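Engineer: Let me begin by handing over the structure; questions about it come next.
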Amino acid sequence: MAGLWIGFARGVRDVMEPDRTKRRLPVVRSVIPCSPAHYAGLEPGDLLVLVNGQDARMPNPFRGGEGSEYDVVAERDGKRLTFLLRRERRPEQTLEPVSQAPIGDASEWDCPLRVG
């Protein structure tokens, strides 16, 4: 049986980043096509700033069970964007993660239509 997922991998922003406020912020390293993160619009390279109103640098900001929701504020190309992610059951088969932006719309990947 597959577990739960959001569908992206994150890493830490370079500690040598000149903007001290952005140092060590989590950055999206890859997004799995047709995942909750993909449907929400996250892209590789997005800098995670806040998760549910809390600093994204807190330990494990994406904990929770099936259906848990996360209001995410991310920075892309100097602009702040907001995403709603929901933890879901992971399908038995998934596509390979994509680590270069733009990943493209879910319709470009023949992702299944989502209801709700």
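In the structure tokens, the first chain shown is A, the next is B, and so on; residue numbers restart at 1 for each chain, and ligands run from 1 in the order shown.
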If we count only C-alpha atoms and set the cut-off at 6 Å, which residues sit around region 87-93 of chain A, ignoring sequence neighbours fewer than 5 positions away in its own chain? Please answer as a list in words.
Structural biologist: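 Using only C-alpha atoms, the neighbours found are Ala2, Gly3, Leu4, Trp5, Ile6, Glu66, Gly67 and Ser68 of chain A.
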Engineer: Could you write those residues out with C-alpha atoms, as a PDB file, in the first residue's frame?
Structural biologist:
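Now in result-v9.pdb:
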ATOM      1  CA  ALA A   2       1.311   3.436  -0.894  1.00  0.00           C
ATOM      2  CA  GLY A   3       1.895   6.033   1.819  1.00  0.00           C
ATOM      3  CA  LEU A   4       0.997   9.690   1.994  1.00  0.00           C
ATOM      4  CA  TRP A   5       2.689  12.414   0.009  1.00  0.00           C
ATOM      5  CA  ILE A   6       2.805  16.011  -1.083  1.00  0.00           C
ATOM      6  CA  GLU A  66      -4.105  12.409   5.116  1.00  0.00           C
ATOM      7  CA  GLY A  67      -6.014  15.555   4.193  1.00  0.00           C
ATOM      8  CA  SER A  68      -3.691  17.888   6.136  1.00  0.00           C
TER       9      SER A  68
END
Engineer: Show me, as a PyMOL selection string, the residues that have an atom within 6 Å of region 32-43 of chain A when counting only C-alpha atoms, minus same-chain residues fewer than 2 positions from it.
Structural biologist: chain A and resi 6-8+46+83+97+101+111
Engineer: From a DSSP calculation on the backbone, collect every residue of chain A in helix (DSSP H, G or I) and output the set as a VMD selection string.
Structural biologist: chain A and resid 20 to 22 36 to 40 106 to 109
Engineer: May I have the selected residues written with N, CA and C atoms, as a CSV table (one decimal), in the first residue's frame?
Structural biologist:
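That gives us result_10.csv:
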chain,number,residue,atom,x,y,z
A,20,ARG,N,20.7,38.0,4.0
A,20,ARG,CA,20.7,37.2,5.2
A,20,ARG,C,19.3,36.7,5.6
A,21,THR,N,18.2,37.3,5.2
A,21,THR,CA,16.9,36.9,5.5
A,21,THR,C,16.5,35.6,4.7
A,22,LYS,N,17.2,35.3,3.6
A,22,LYS,CA,16.9,34.2,2.8
A,22,LYS,C,17.8,33.0,3.0
A,36,PRO,N,0.3,16.4,-5.6
A,36,PRO,CA,-0.4,17.6,-5.0
A,36,PRO,C,0.4,18.8,-5.2
A,37,ALA,N,1.7,18.8,-5.0
A,37,ALA,CA,2.6,20.0,-5.2
A,37,ALA,C,2.5,20.5,-6.7
A,38,HIS,N,2.5,19.6,-7.6
A,38,HIS,CA,2.4,19.9,-9.0
A,38,HIS,C,1.1,20.6,-9.3
A,39,TYR,N,0.0,20.0,-8.9
A,39,TYR,CA,-1.3,20.5,-9.1
A,39,TYR,C,-1.5,21.9,-8.4
A,40,ALA,N,-0.8,22.1,-7.3
A,40,ALA,CA,-0.9,23.4,-6.6
A,40,ALA,C,-0.1,24.5,-7.3
A,106,ALA,N,-0.3,20.5,-15.2
A,106,ALA,CA,-0.6,19.1,-15.1
A,106,ALA,C,-1.2,18.5,-16.4
A,107,SER,N,-2.0,19.4,-17.1
A,107,SER,CA,-2.6,18.9,-18.4
A,107,SER,C,-1.5,18.5,-19.4
A,108,GLU,N,-0.3,19.1,-19.3
A,108,GLU,CA,0.8,18.8,-20.2
A,108,GLU,C,1.4,17.4,-19.9
A,109,TRP,N,1.1,16.9,-18.8
A,109,TRP,CA,1.7,15.6,-18.3
A,109,TRP,C,0.6,14.5,-18.4
Engineer: Any idea what's packed within 8 Å of Arg76 (chain A), counting only C-alpha atoms, ignoring anything in its chain fewer than 5 positions away? Could you give it as a list in words?
Structural biologist: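 Using only C-alpha atoms, the neighbours found are Gly45, Asp46, Leu47 and Leu81 of chain A.
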Engineer: Since we have the selection now, will you write its residues out, keeping N, CA, C and O atoms, as a CSV table (one decimal), in the first residue's frame?
Structural biologist:
chain,number,residue,atom,x,y,z
A,45,GLY,N,13.0,25.3,-7.6
A,45,GLY,CA,13.6,26.6,-7.4
A,45,GLY,C,12.8,27.6,-6.5
A,45,GLY,O,13.3,28.6,-6.1
A,46,ASP,N,11.5,27.2,-6.3
A,46,ASP,CA,10.7,28.1,-5.4
A,46,ASP,C,11.3,28.1,-4.0
A,46,ASP,O,11.7,27.0,-3.5
A,47,LEU,N,11.4,29.3,-3.4
A,47,LEU,CA,12.0,29.4,-2.1
A,47,LEU,C,10.8,29.4,-1.1
A,47,LEU,O,9.9,30.3,-1.2
A,81,LEU,N,4.3,34.2,-3.8
A,81,LEU,CA,3.2,33.5,-4.3
A,81,LEU,C,2.6,32.6,-3.2
A,81,LEU,O,3.4,32.2,-2.3
Engineer: In Å, rounded to a single decimal, give me how far CA of Asn60 (chain A) is from CA of Leu84 (chain A).
Structural biologist: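 CA of Asn60 (chain A) lies at a distance of 16.8 Å from CA of Leu84 (chain A).
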Engineer: Using DSSP secondary structure from the backbone, list all strand (DSSP E or B) positions within region 46-92 of chain A, as a list in words.
Structural biologist: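 Residues of region 46-92 of chain A classed as strand (DSSP E or B): Leu47, Leu48, Val49, Leu50, Val51, Gln54, Asp55, Glu69, Tyr70, Asp71, Val72, Val73, Ala74, Glu75, Arg76, Lys79, Arg80, Leu81, Thr82, Phe83, Leu84, Leu85, Arg86, Glu88 and Arg89 of chain A.
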Engineer: Could you take the residues named above and write them with C-alpha atoms, as a CSV table (one decimal), in the first residue's frame?
Structural biologist:
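Dumped to result.csv:
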chain,number,residue,atom,x,y,z
A,47,LEU,CA,12.0,29.4,-2.1
A,48,LEU,CA,9.7,28.4,0.8
A,49,VAL,CA,9.1,31.3,3.2
A,50,LEU,CA,6.1,30.4,5.3
A,51,VAL,CA,4.0,27.2,6.0
A,54,GLN,CA,5.1,29.9,10.4
A,55,ASP,CA,8.7,30.3,9.3
A,69,GLU,CA,-3.5,21.3,4.4
A,70,TYR,CA,-0.6,23.6,4.2
A,71,ASP,CA,-0.9,27.3,3.2
A,72,VAL,CA,2.6,27.9,1.7
A,73,VAL,CA,4.1,31.3,0.9
A,74,ALA,CA,7.0,30.9,-1.6
A,75,GLU,CA,9.2,33.3,-3.5
A,76,ARG,CA,9.8,32.9,-7.2
A,79,LYS,CA,7.6,37.7,-6.2
A,80,ARG,CA,5.7,36.2,-3.3
A,81,LEU,CA,3.2,33.5,-4.3
A,82,THR,CA,0.7,31.5,-2.2
A,83,PHE,CA,-0.1,27.8,-2.6
A,84,LEU,CA,-2.5,25.4,-0.9
A,85,LEU,CA,-1.1,21.9,-0.6
A,86,ARG,CA,-3.0,18.9,0.7
A,88,GLU,CA,-2.9,12.7,-0.1
A,89,ARG,CA,-2.5,9.0,-0.6
